[in-house]
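Colleague: What follows is a single structure, and I will ask about it in a moment.
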Amino acid sequence: MSTGAPTLVVEELKIIGVPSMAAIIDELSVEVRPGEILGVVGESGSGKTTLGLALLNYCKEGTKVDGGSVTVGDKELAGLHWRQVRELRGRTVAYIPQSPASALNPALRIRTQLAECLAGDHETVLNRVREVLREVALPDDDAFLRRYPHQLSGGQQQRVAVAMAFTARPALIVMDEPTTGLDVSTQEHVLQTVRNMCKTYDCAAVYISHDMAVVAELADRIAVMYSGRIVEIGSTADVLANPAHPYTARLLLAVPDLEAKRPMVGIPGNAPSPLARPQGCAFAPRCPLADAGCTVAPPGVTDVGERHSVRCFKADTPLPAIAAQPNRAHSARGASGRPAIEIKALKAGYGSNTVLQDIDLSVYTGDCVALLGESGSGKTTLSRCIAGLHHNFTGGLLLDGVPLAASSFKRSKEQRRRVQYIFQNPYESLNPRRTVEELILQPVIAVRGRVKNSREIVGNALERASLRPDHALRYPDQLSGGERQRVAIARALATEPEVLICDEITSALDVSVQSSLVDLLRSLQAEMGLTLLFITHNIALVRNIAQQVAVLEQGRIVEFGDVANVFANPQHDYTRSLMKATPNFQLPSRLYAGPRTAAAGAGPTAADELQARAL
Amino acid sequence: MTKANAGGMRRLLLRRSLFGLFTLWVVSIVVFVATQALPGDAAQAILGREATPERLAALREQLHLGGTLPEQYFAWLGKLITFNPGISLAGGKPVVQTIAPMLLNSSVLMLCAAVIAIPLAVFIGTWSALKKDTAVDHVTGVITLVLASLPEFVVGVLLVLLLATGFLHLFPAVFVLIPGQQVWSNPAQLVLPVLTLVLAVSPYIIRIMRATMLEVLDSQYVQQARLKGLPERTVIWRHAIPNAIGPVAQVVALQLAWLIGGVVIVEYLFRFPGIGFQLIDAVTNRDLPVVQSLVIVIALFYVVVNLFADVVTLAANPKVRTAQ
């Protein structure tokens, strides 16, 4: 880390929405030195992307800068002519977008897209392009340069985006969730590349992410954003060891622990929208320490260590340890121990393309079995086969010992009732023109016809999914992401199913929401004796919810067994490589009560009460 | 690799072409059924009630009205394929010779309209998208909507009133072809028919271009291009337009295909000596061979234009272009 003059200085930046005039970012000050990587973490809606774009003097439609300054090197961005801004972009400050699949132009060759970042004669530009491609470990030959983005894998696309940003040797790089959506092993490669490139070029970097684990591994310093402000900033080690803001502490606890030694605890409630931010500290409504004084005015900045500061009135008050349920949910498997779902020698594909083969799997009633694999491993295809959504397969599929037809159309209503599916993205799986009540009743009517006690069914389903009765009359766009996914769960539960297939149901949601959904599923499993099939690419989640895990690689189950055994003693190379690639960090144990105290603590703690209030 | 790619593209095009031929064959059946195979005697219908038995017999001979329907159809189709669809009943000349000059005239008219309308519409649509929610955009929106909702003969009549007879006297209101001259010999005469066609086809292209362009401009790759510090011109020409062209090509094709239908009315309005005018003439004169041939020619044009649009759409999409 260099100690020279900072590359980036942001002072009292304020960005507002137009025409609402609501502050999206407020009182934001930060500096980044050459060679330093600043991680910016926060939940969706905290303003981190708006901040990232502001560093390139770019405002999304409907936003504008309303004060403060951004200085890169010796240039103050607000004072620049638009021509100078254009010269600054890509040359002094470069941007690596979230999703390279949509940020690379589908109609242009890689060569065009890389070369246009540089001015100069053809030969020099091309040599530089080849050099930077080698640096991100991509081929530099003409054949590769001639390719179009769709001819590259997701990891290659993201490395092209990284190369694109470094081509002009910028002084500052802004990365907006560059590894979200990538597999863990690909993510590790990309992070490694980013780290090396920043070191090679002594380049300052701002790394925006919602994933605390990734930021903890990559960044030198961490800035935690909440509701448009930086609520805590400090060196990575300081923030992880001594989180001074309750939000930081809760955010850290919400990240599932790879070893499942500590509980994963959600943060109750939702982040306020920019239009309805509380008058005082924005986190006060969700804060276990908040008192009347917190709701009067927003807290100022307090220094709590060397280059470590926080916006909190209670920075010196330790957060009460959070008691939570024992980590690993216990199986609700009955004494009889018969499999609810049995799969024998299943082979499935799309057209002539085989994506699954030799699949043998028994899921016992009351168990939660995780299907773990990276994209393209066939985990979703397998779950779709079970649900009757994908019928191009051969082999045995039995529900409770009775063979299931491949297509859900050919299954009996009773069979359809017993197996329900929850989709990955609640923003797409709920019909925006139906109320929650109608959405929940749809599967009920489909399998049971018109029912008299519809109100009761909806009420029960909502209660089970920890939603309020008044949610019934809302439309999906009036709900937050977490609430939407709860509606999807309520919809699946309404038919009283026995098997619930959860397809990456937390991956589109914030970590704080993710933990409370996992909690919900665990309690449903215990109370209703549900059999769960939990599809995920996240090892840490598997350890926190499932009893058994099937690791899928390229359409085959390469390892199957009890979660504890598989991860304590992985047999297959692929499982080992997945575990190695997953970022992990340890927290001081004073942040949470050990499993023993948690199990013994009968009385509700402050956090429990808070949780209850939010639900 | 390039060879294999070209092969994939060629296969696709071959499939589309075969489908086009199939469409034409279906059209030929429809035309045959509608003109010749319907109950009643085609010769009688053509010659009217006072026709002498000798003339009826002669016409039946000429139209192959003897024999079963399939026999009649294949005899007719055979002559059509060999570019010998018979003699025009009205002019007494071979149909090909009757149609060819008119086809040339109409082609000139449509070509002028297309060459002006397509770039103009693409440009206005793009401009409107770039100026989204400004006065320019709103005015364009209203004008295109009004033009799109007016039938082309109304537009034509208004233009005549405005530019030929009523307000200004800039251009002739009807087309007069002096024998021995070509239609393009007096360009002033072409202005009003071409302008009418341009105003008829442009609004749709402008609106779809604007919508597609807005979507493309809102995309992440355009944002990324701007964040790379590219000049706005490069952002639009290199990054945005190639991605907008594919969907627009389909609408352009539909409009061009419409042109040949719309040309019938516009030609009649301006008394322009093209296939539209001739078609109306042939229908009035019950000149069956000419009507049949013209309808087939129009169908052929539809198929070719749509095939061409498919080529453009495929060429604009590297995913298809590079598919193995």
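We name chains A, B, ... following the order of the structure tokens; residues begin at 1 in each chain, and ligands are numbered from 1 as shown.
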Write out as a Markdown table the residues of chain B that have any atom within 9 Å of an atom of chain A, one row each with the nearest atom pair and its distance in Å to one decimal, counting only C-alpha atoms, sorted by chain and then rising number.

Modeller:
```
| residue | atom | partner | partner_atom | distance |
| --- | --- | --- | --- | --- |
| B:Ser219 | CA | A:Ser102 | CA | 7.5 |
| B:Gln220 | CA | A:Ala103 | CA | 4.8 |
| B:Tyr221 | CA | A:Ala103 | CA | 4.0 |
| B:Val222 | CA | A:Ala103 | CA | 7.6 |
| B:Gln223 | CA | A:Ala103 | CA | 7.7 |
| B:Gln224 | CA | A:Ala103 | CA | 6.0 |
| B:Ala225 | CA | A:Ala103 | CA | 8.5 |
| B:Arg226 | CA | A:Arg86 | CA | 8.0 |
| B:Leu227 | CA | A:Arg89 | CA | 5.7 |
| B:Lys228 | CA | A:Gly90 | CA | 4.2 |
| B:Gly229 | CA | A:Arg86 | CA | 4.5 |
| B:Leu230 | CA | A:Arg86 | CA | 6.8 |
| B:Pro231 | CA | A:Arg86 | CA | 7.2 |
| B:Arg238 | CA | A:Leu108 | CA | 8.2 |
| B:His239 | CA | A:Asn105 | CA | 6.7 |
| B:Ala240 | CA | A:Asn105 | CA | 8.8 |
| B:Pro242 | CA | A:Ala107 | CA | 6.7 |
| B:Asn243 | CA | A:Ala107 | CA | 6.4 |
| B:Ala316 | CA | A:Ala107 | CA | 7.3 |
| B:Asn317 | CA | A:Ala107 | CA | 6.5 |
| B:Pro318 | CA | A:Ala107 | CA | 5.9 |
| B:Lys319 | CA | A:His150 | CA | 6.8 |
| B:Thr322 | CA | A:Gln151 | CA | 8.6 |
```

Colleague: So that I can check the surroundings of range 287-299 of chain B, please list as a list in words every protein, DNA and RNA residue that reaches within 7 Å of it, counting only C-alpha atoms and ignoring chain neighbours fewer than 4 positions away.

Modeller: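 Here the answer would be Leu24, Ser28, Val31, Pro85, Gly86, Ser88, Leu89, Ala90, Val95, Ile260, Leu279, Ala282, Val283 and Val303 of chain B.
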
Colleague: Just write the chosen residues, N, CA, C and O atoms, as a short mmCIF file (atom, residue, chain, number, x, y, z; two decimals), in the first residue's frame.

Modeller:
```cif
data_model
loop_
_atom_site.label_atom_id
_atom_site.label_comp_id
_atom_site.auth_asym_id
_atom_site.auth_seq_id
_atom_site.Cartn_x
_atom_site.Cartn_y
_atom_site.Cartn_z
N LEU B 24 -44.83 -19.27 -52.66
CA LEU B 24 -45.23 -18.91 -54.02
C LEU B 24 -46.15 -19.97 -54.61
O LEU B 24 -47.13 -19.66 -55.29
N SER B 28 -49.84 -19.56 -56.01
CA SER B 28 -50.27 -19.92 -57.37
C SER B 28 -51.57 -20.72 -57.33
O SER B 28 -52.45 -20.53 -58.16
N VAL B 31 -54.39 -18.26 -56.57
CA VAL B 31 -54.69 -17.45 -57.75
C VAL B 31 -55.47 -18.28 -58.78
O VAL B 31 -56.48 -17.84 -59.33
N PRO B 85 -46.85 -16.99 -69.96
CA PRO B 85 -48.20 -17.17 -69.42
C PRO B 85 -49.31 -16.87 -70.41
O PRO B 85 -50.46 -16.72 -70.02
N GLY B 86 -48.99 -16.75 -71.68
CA GLY B 86 -50.06 -16.61 -72.67
C GLY B 86 -50.11 -15.22 -73.29
O GLY B 86 -49.18 -14.42 -73.19
N SER B 88 -52.06 -11.56 -73.78
CA SER B 88 -52.99 -10.64 -73.12
C SER B 88 -54.27 -10.57 -73.93
O SER B 88 -54.25 -10.38 -75.15
N LEU B 89 -55.40 -10.73 -73.25
CA LEU B 89 -56.67 -10.75 -73.97
C LEU B 89 -57.04 -9.37 -74.46
O LEU B 89 -57.71 -9.21 -75.47
N ALA B 90 -56.59 -8.34 -73.72
CA ALA B 90 -56.96 -6.98 -74.10
C ALA B 90 -56.06 -6.45 -75.21
O ALA B 90 -56.53 -5.89 -76.19
N VAL B 95 -48.17 -11.74 -72.65
CA VAL B 95 -48.29 -11.14 -71.34
C VAL B 95 -46.96 -10.56 -70.87
O VAL B 95 -46.89 -9.47 -70.33
N ILE B 260 -45.64 -2.43 -52.71
CA ILE B 260 -46.12 -2.93 -54.00
C ILE B 260 -47.64 -3.04 -54.02
O ILE B 260 -48.28 -2.91 -55.06
N LEU B 279 -52.89 -3.42 -63.28
CA LEU B 279 -53.68 -4.45 -62.62
C LEU B 279 -55.16 -4.04 -62.60
O LEU B 279 -56.05 -4.82 -62.92
N ALA B 282 -56.49 -4.38 -66.00
CA ALA B 282 -56.68 -5.77 -66.40
C ALA B 282 -57.91 -6.37 -65.73
O ALA B 282 -58.65 -7.14 -66.33
N VAL B 283 -58.14 -5.98 -64.47
CA VAL B 283 -59.31 -6.49 -63.77
C VAL B 283 -60.57 -5.97 -64.45
O VAL B 283 -61.53 -6.71 -64.70
N VAL B 303 -42.05 -12.25 -51.32
CA VAL B 303 -41.16 -13.31 -50.85
C VAL B 303 -39.70 -12.84 -50.88
O VAL B 303 -38.95 -13.00 -49.92
#
```

Colleague: Pick out the residues sitting within 6 Å of range 212-216 of chain B, and hand them over as a VMD selection string; count only C-alpha atoms, and ignore anything fewer than 4 positions along from it in its own chain.

Modeller: chain B and resid 129 208 240 244

Colleague: One number please: CA of Leu126 in chain A to CA of Gln158 in chain A, in Å, one decimal.

Modeller: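 Interatomic distance here is 19.9 Å.
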
Colleague: Return the single residue from A:Val214, A:Cys281, A:Leu346, A:Met579 that is closest to Ile539 in chain A, with distances computed using only C-alpha atoms.

Modeller: A:Met579

Colleague: Let's see if you can do this: from backbone DSSP, list all helix (DSSP H, G or I) residues in range 78-196 of chain A, as a PyMOL selection string.

Modeller: chain A and resi 78-79+82-88+100-103+110-115+122-135+142-145+149-151+154-166+184-196

Colleague: Would you mind listing what lies within 7 Å of range 174-183 of chain B as a PyMOL selection string, with only C-alpha atoms counted and same-chain residues fewer than 5 positions away left out?

Modeller: chain B and resi 105+189+270-272

Colleague: Neighbours of range 412-421 of chain A within 10 Å (only C-alpha atoms; same-chain residues fewer than 6 positions away dropped), as a ChimeraX atom specification?

Modeller: /A:341,383-384,386-389,399-400,402,404-405,443-444,446-448,488-489,491-503,531-533

Colleague: Deliver the residues from the most recent selection as a file, using C-alpha atoms, as a PDB file, in the first residue's frame.

Modeller:
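Output (part_11.pdb):
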```
ATOM      1  CA  ILE A 341     -38.180 -39.024  -3.998  1.00  0.00           C
ATOM      2  CA  SER A 383     -34.894 -30.194 -10.232  1.00  0.00           C
ATOM      3  CA  ARG A 384     -37.011 -29.416 -13.277  1.00  0.00           C
ATOM      4  CA  ILE A 386     -38.490 -33.844 -10.616  1.00  0.00           C
ATOM      5  CA  ALA A 387     -41.042 -31.043 -10.881  1.00  0.00           C
ATOM      6  CA  GLY A 388     -42.227 -32.296 -14.285  1.00  0.00           C
ATOM      7  CA  LEU A 389     -41.078 -29.177 -16.101  1.00  0.00           C
ATOM      8  CA  LEU A 399     -42.581 -40.237  -5.558  1.00  0.00           C
ATOM      9  CA  ASP A 400     -43.225 -42.296  -2.451  1.00  0.00           C
ATOM     10  CA  VAL A 402     -44.906 -44.614  -7.219  1.00  0.00           C
ATOM     11  CA  LEU A 404     -43.976 -40.202 -11.760  1.00  0.00           C
ATOM     12  CA  ALA A 405     -44.792 -39.315 -15.347  1.00  0.00           C
ATOM     13  CA  PRO A 443     -52.038 -23.565  -7.423  1.00  0.00           C
ATOM     14  CA  VAL A 444     -54.773 -24.433  -4.921  1.00  0.00           C
ATOM     15  CA  ALA A 446     -55.385 -25.831 -10.099  1.00  0.00           C
ATOM     16  CA  VAL A 447     -55.155 -28.962  -7.967  1.00  0.00           C
ATOM     17  CA  ARG A 448     -58.318 -28.792  -5.900  1.00  0.00           C
ATOM     18  CA  ALA A 488     -43.479 -17.463  -3.632  1.00  0.00           C
ATOM     19  CA  ILE A 489     -42.913 -19.726  -0.629  1.00  0.00           C
ATOM     20  CA  ARG A 491     -47.779 -19.989  -2.833  1.00  0.00           C
ATOM     21  CA  ALA A 492     -45.854 -23.250  -2.790  1.00  0.00           C
ATOM     22  CA  LEU A 493     -47.065 -24.062   0.724  1.00  0.00           C
ATOM     23  CA  ALA A 494     -50.720 -23.338   0.022  1.00  0.00           C
ATOM     24  CA  THR A 495     -51.320 -26.775  -1.479  1.00  0.00           C
ATOM     25  CA  GLU A 496     -49.820 -28.482   1.584  1.00  0.00           C
ATOM     26  CA  PRO A 497     -46.994 -30.086  -0.372  1.00  0.00           C
ATOM     27  CA  GLU A 498     -44.663 -32.795   0.873  1.00  0.00           C
ATOM     28  CA  VAL A 499     -41.694 -32.014  -1.317  1.00  0.00           C
ATOM     29  CA  LEU A 500     -40.497 -28.457  -1.849  1.00  0.00           C
ATOM     30  CA  ILE A 501     -37.944 -27.740  -4.568  1.00  0.00           C
ATOM     31  CA  CYS A 502     -36.053 -24.504  -3.917  1.00  0.00           C
ATOM     32  CA  ASP A 503     -34.080 -23.444  -6.977  1.00  0.00           C
ATOM     33  CA  THR A 531     -38.845 -32.687   2.363  1.00  0.00           C
ATOM     34  CA  LEU A 532     -36.603 -30.045   0.825  1.00  0.00           C
ATOM     35  CA  LEU A 533     -34.505 -30.108  -2.271  1.00  0.00           C
TER      36      LEU A 533
END
```

Colleague: Pull the strand (DSSP E) assignments for range 79-162 of chain A out of DSSP run on the backbone, and list those residues as a PyMOL selection string.

Modeller: chain A and resi 93-96

Colleague: Near Leu130 in chain B, within 10 Å and counting only C-alpha atoms, which residues show up once chain neighbours fewer than 5 positions away are dropped, as a PyMOL selection string?

Modeller: chain B and resi 124-125+136-137+210+213-214+217+236

Colleague: Quick one, how far is CA of Leu162 in chain B from CA of Gly262 in chain B?

Modeller: 20.9 Å
